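Let me begin by presenting the structure, written as structure tokens, before commenting on it.
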Amino acid sequence: MRTEHDGGRPGPDDDHDLRHHGDSEVRDDGAALTDLAVNVRADTPPAWLRDRIAGSLAGTGLAAYPDGRAARAAVAARHGLPVERVLLTAGAAEAFVLLARALKVRQPVVVHPQFTEPEAALRAAGHTVDRVLLRASDGFRLDPDAVPEDADLVVIGNPTNPTSVLHPARLICELARPGRTLVVDEAFMDAVPGEREALAGRSDVPGLVVLRSLTKTWGLAGLRIGYVLAAPETVAELERAQPLWPVSTPALAAAEACVSPRALVEAAGAAERIAADRAHLVAGLREFAPDGLVLAEPAEGPFVLVRLPRAGRVRHHLRDLGFAVRRGDTFPGLGEEWLRVAVRDRVTVNRFLQALDRAVT
């Protein structure tokens with residue numbers, strides 16, 4: 001694990017494309033590929049959720065300005081928090097922009113490898129960003145002592161995209177300090193059975209900001225809905241930086257539906273299925289150890305990270321065979337030998353493993 005200092009904008013020695021995301025792999029000529037590059041759960045949203053969203057358009061649904069009070073109250077109730085600790089956003093990505101623009105930050109630190117949008121947002125807002133790079137040799141595990149003591153904003157994902165590491169909540173809490181904002185991206189936490197190690201709902205950790213996304217588990221990436229859980233004064237500061245009516249009426253309907261008791265039961269079942277399908281994928285990938293494939297383990301998210309010789313060539317060969325996987329070299333701390341693979345059902349995984357067998361030869 002090491003710390004790397006970067007200026008407010010990428011320098012000539014920083015060739016990581018922080019704006020590259022998994023959807024880039026399936027645009028244009030990739031639209032017909034089997035998608036293992038994007039971490040949105042397949043076969044979603046379910047019919048009942050589509051009907052709920054469509055119902056929000058009836059009557060004056062589109063003519064009236066969005067009213068987020070019911071959705072905000074539903075999210076607060078889901079986490080046992082007062083509504084003053086909840087802010088609805090146009091996906092978690094908007095929350096990163098709000099944090100970068102609204103908070104008075106002197107020394108932000110991003111723990112990598114992780115989702116690159118937090119750093120991109122901080123850079124775009126003119127901040128100088130320090131990186132703490134977790135090492136593959138350490139299993140990409142967090143050491144709280146590696147984070148500079150003078151950092152007044154720390155961003156970490158849990159479970160982390162792309163490493164699929166689930167950090168213990170107690171270790172993340174060790175990062176909390178008076179005067180420091182601790183941002184924990186829990187976009188994939190609802191894909192973890194029991195949401196163990198979650199910090200959403202905690203109000204006893206100073207400076208804690210938890211971000212959640214409803215787009216991954218429910219297949220709503222095109223709708224853009226997420227939320228922030230934080231102290232009331234932080235929520236108020238972020239809300240002042242938002243435009244008026246930032247979340248659309250259909251997205252508000254989705255938010256309310258996705259935190260309902262029915263939805264929570266369905267999400268819990270999906271998390272168990274994802275864990276079983278991931279175990280199947282991991283077992284199949286281990287068979288490629290003689291080909292030099294190394295897994296980042298244990299994986300706890302709806303995706304796995306692998307290191308593979310000639311990964312770039314393998315990725316292109318997989319495209320020729322009908323599969324899209326996520327390149328890893330755009331994540332700080334990773335290089336061209338890394339690929340991220342989304343968890344899918346067993347039939348799809350078996351087809352992918354057969355294609356991988358051809359691609360590595």
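If you're wondering about the labels, chains in the structure tokens are A, B, ... by order shown, residues count from 1 in each chain, ligands from 1 in order shown.
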
Residues near Glu84 (chain A), cut-off 8 Å, only C-alpha atoms, skip fewer than 3 positions along chain, as a list in words: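 My reading of the contact set: Leu87, Ala231, Pro232 and Val235 of chain A.
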
Emit the selected residues as a PDB file, in the first residue's frame, including all heavy atoms.
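Now in result_30.pdb:
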```
ATOM      1  N   LEU A  87     -30.590  12.716   1.496  1.00  0.00           N
ATOM      2  CA  LEU A  87     -30.660  13.555   0.298  1.00  0.00           C
ATOM      3  C   LEU A  87     -30.774  12.642  -0.910  1.00  0.00           C
ATOM      4  O   LEU A  87     -29.916  11.783  -1.127  1.00  0.00           O
ATOM      5  CB  LEU A  87     -29.418  14.439   0.165  1.00  0.00           C
ATOM      6  CG  LEU A  87     -29.398  15.364  -1.057  1.00  0.00           C
ATOM      7  CD1 LEU A  87     -30.469  16.443  -0.930  1.00  0.00           C
ATOM      8  CD2 LEU A  87     -28.027  16.001  -1.242  1.00  0.00           C
ATOM      9  N   ALA A 231     -24.943  13.620   8.148  1.00  0.00           N
ATOM     10  CA  ALA A 231     -25.428  14.535   9.184  1.00  0.00           C
ATOM     11  C   ALA A 231     -26.297  15.618   8.542  1.00  0.00           C
ATOM     12  O   ALA A 231     -26.059  16.015   7.396  1.00  0.00           O
ATOM     13  CB  ALA A 231     -24.250  15.156   9.918  1.00  0.00           C
ATOM     14  N   PRO A 232     -27.304  16.106   9.257  1.00  0.00           N
ATOM     15  CA  PRO A 232     -28.217  17.105   8.678  1.00  0.00           C
ATOM     16  C   PRO A 232     -27.502  18.323   8.102  1.00  0.00           C
ATOM     17  O   PRO A 232     -27.900  18.836   7.048  1.00  0.00           O
ATOM     18  CB  PRO A 232     -29.116  17.484   9.854  1.00  0.00           C
ATOM     19  CG  PRO A 232     -29.108  16.286  10.734  1.00  0.00           C
ATOM     20  CD  PRO A 232     -27.727  15.707  10.615  1.00  0.00           C
ATOM     21  N   VAL A 235     -26.062  17.309   4.747  1.00  0.00           N
ATOM     22  CA  VAL A 235     -27.148  17.189   3.773  1.00  0.00           C
ATOM     23  C   VAL A 235     -27.605  18.571   3.315  1.00  0.00           C
ATOM     24  O   VAL A 235     -27.805  18.811   2.112  1.00  0.00           O
ATOM     25  CB  VAL A 235     -28.320  16.392   4.379  1.00  0.00           C
ATOM     26  CG1 VAL A 235     -29.576  16.526   3.520  1.00  0.00           C
ATOM     27  CG2 VAL A 235     -27.943  14.923   4.522  1.00  0.00           C
TER      28      VAL A 235
END
```

Skipping near chain neighbours, those fewer than 2 positions away, what residues fall within 8 Å of region 192-205 of chain A using only C-alpha atoms, listed as an NGL selection string? :A and (79-81 or 158 or 166-169 or 173 or 176 or 186 or 188-190 or 207-208 or 210 or 229-231 or 268 or 271-272 or 275 or 300-301)

Between A:Ala136, A:Pro162, A:Leu356, A:Arg180, which has the minimum distance to His317 (chain A) (counting only C-alpha atoms)?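 Ranking A:Ala136, A:Pro162, A:Leu356, A:Arg180 by distance to His317 (chain A), first place goes to A:Leu356.
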
Long-range neighbours of Ala276 (chain A) as a list in words, 12 Å cut-off, only C-alpha atoms, 2 positions minimum in chain: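 The filter keeps Ala191, Val192, Pro193, Gly269, Ala270, Ala271, Glu272, Arg273, Ile274, Arg278, Ala279, His280, Leu281, Val282, Ala283, Ala299, Glu300, Gly301, Pro302, Val343, Arg344, Asp345, Arg346 and Val349 of chain A.
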
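Of note, CA of Ala355 (chain A) and CA of Phe323 (chain A) are spaced 8.0 Å apart.
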
List every residue of region 160-318 of chain A that DSSP, applied to the backbone of this structure, places in strand (DSSP E), and write the result as number ranges by chain. A: 181-185, 208-213, 226-230, 294-295, 303-307

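Residues lying within 7 Å of Val294 (chain A), counting only C-alpha atoms and ignoring same-chain neighbours fewer than 2 positions away, are A:Ala289, A:Gly292, A:Ala296, A:Val306, A:Arg307, A:Leu308.
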
What does the file look like for those residues with C-alpha atoms, as a compact mmCIF listing (two decimals), in the first residue's frame?
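Output (out25.txt):
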```
# COMPACT_ATOMS: atom_id res chain seq x y z
CA ALA A 289 -4.58 -20.84 -13.10
CA GLY A 292 -1.57 -17.47 -15.46
CA ALA A 296 -8.54 -11.11 -6.41
CA VAL A 306 -8.73 -11.04 -12.43
CA ARG A 307 -5.13 -10.62 -13.51
CA LEU A 308 -4.21 -12.34 -16.74
```

Can you list, as an MDAnalysis selection string, every residue of region 72-161 of chain A that DSSP puts in helix (DSSP H, G or I)? chainID A and resid 72:79 83:85 91:102 117:124 136:138 144:146

For a test of reading the model, state the distance in Å between CA of Pro159 (chain A) and CA of His112 (chain A), rounded to one decimal.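 Separation of CA of Pro159 (chain A) and CA of His112 (chain A): 12.4 Å.
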
Have a look at A:Val38, A:His16, A:Val129, A:Ala151 and name the one nearest to Gly335 (chain A); count only C-alpha atoms. A:His16

At a cut-off of 7 Å, using only C-alpha atoms, what residues contact Val83 (chain A)? Leave out same-chain residues fewer than 2 positions from it and give the result as a PyMOL selection string. chain A and resi 72-73+76+81+85-86

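Nearest to Leu353 (chain A) of all the residues A:Phe288, A:Phe303, A:Trp338, A:Phe96 is A:Phe288, based on only C-alpha atoms.
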
Point-to-point distance from CA of Glu94 (chain A) to CA of Arg141 (chain A), Å rounded to tenths: 27.1 Å

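Counting only C-alpha atoms, Pro261 (chain A) has the following residues at most 12 Å away, ignoring those fewer than 6 positions along the same chain: Ala74, Val75, Ala77, Arg78, His79, Ala267 and Ala268 of chain A.
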
What lies within 10 Å of Trp48 (chain A) using only C-alpha atoms, ignoring chain neighbours under 5 positions off, as number ranges by chain? A: 53-54, 257, 263

Keeping only N, CA, C and O atoms, write the selected residues to a file as a tab-separated table (two decimals), in the first residue's frame.
```tsv
chain	number	residue	atom	x	y	z
A	53	ILE	N	-43.16	2.52	-11.97
A	53	ILE	CA	-42.57	3.71	-12.61
A	53	ILE	C	-43.52	4.26	-13.66
A	53	ILE	O	-43.75	5.48	-13.74
A	54	ALA	N	-44.08	3.37	-14.47
A	54	ALA	CA	-45.02	3.82	-15.51
A	54	ALA	C	-46.23	4.49	-14.89
A	54	ALA	O	-46.76	5.48	-15.42
A	257	ALA	N	-40.38	2.79	-4.26
A	257	ALA	CA	-40.69	1.38	-4.46
A	257	ALA	C	-39.52	0.48	-4.04
A	257	ALA	O	-39.73	-0.59	-3.47
A	263	ALA	N	-39.63	-4.93	-1.79
A	263	ALA	CA	-38.38	-4.80	-2.55
A	263	ALA	C	-37.18	-5.28	-1.74
A	263	ALA	O	-36.26	-5.90	-2.29
```

Could you check which of A:Val341, A:Val325, A:Asp357, A:Trp245 is closest to Glu287 (chain A), using only C-alpha atoms?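 With only C-alpha atoms as the atom set, the closest residue is A:Asp357.
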
Of the candidates A:Gln114, A:Ala93, A:Leu220, A:Pro66, which shows the shortest atom-to-atom distance to Asp43 (chain A), using only C-alpha atoms?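 Closest candidate: A:Leu220.
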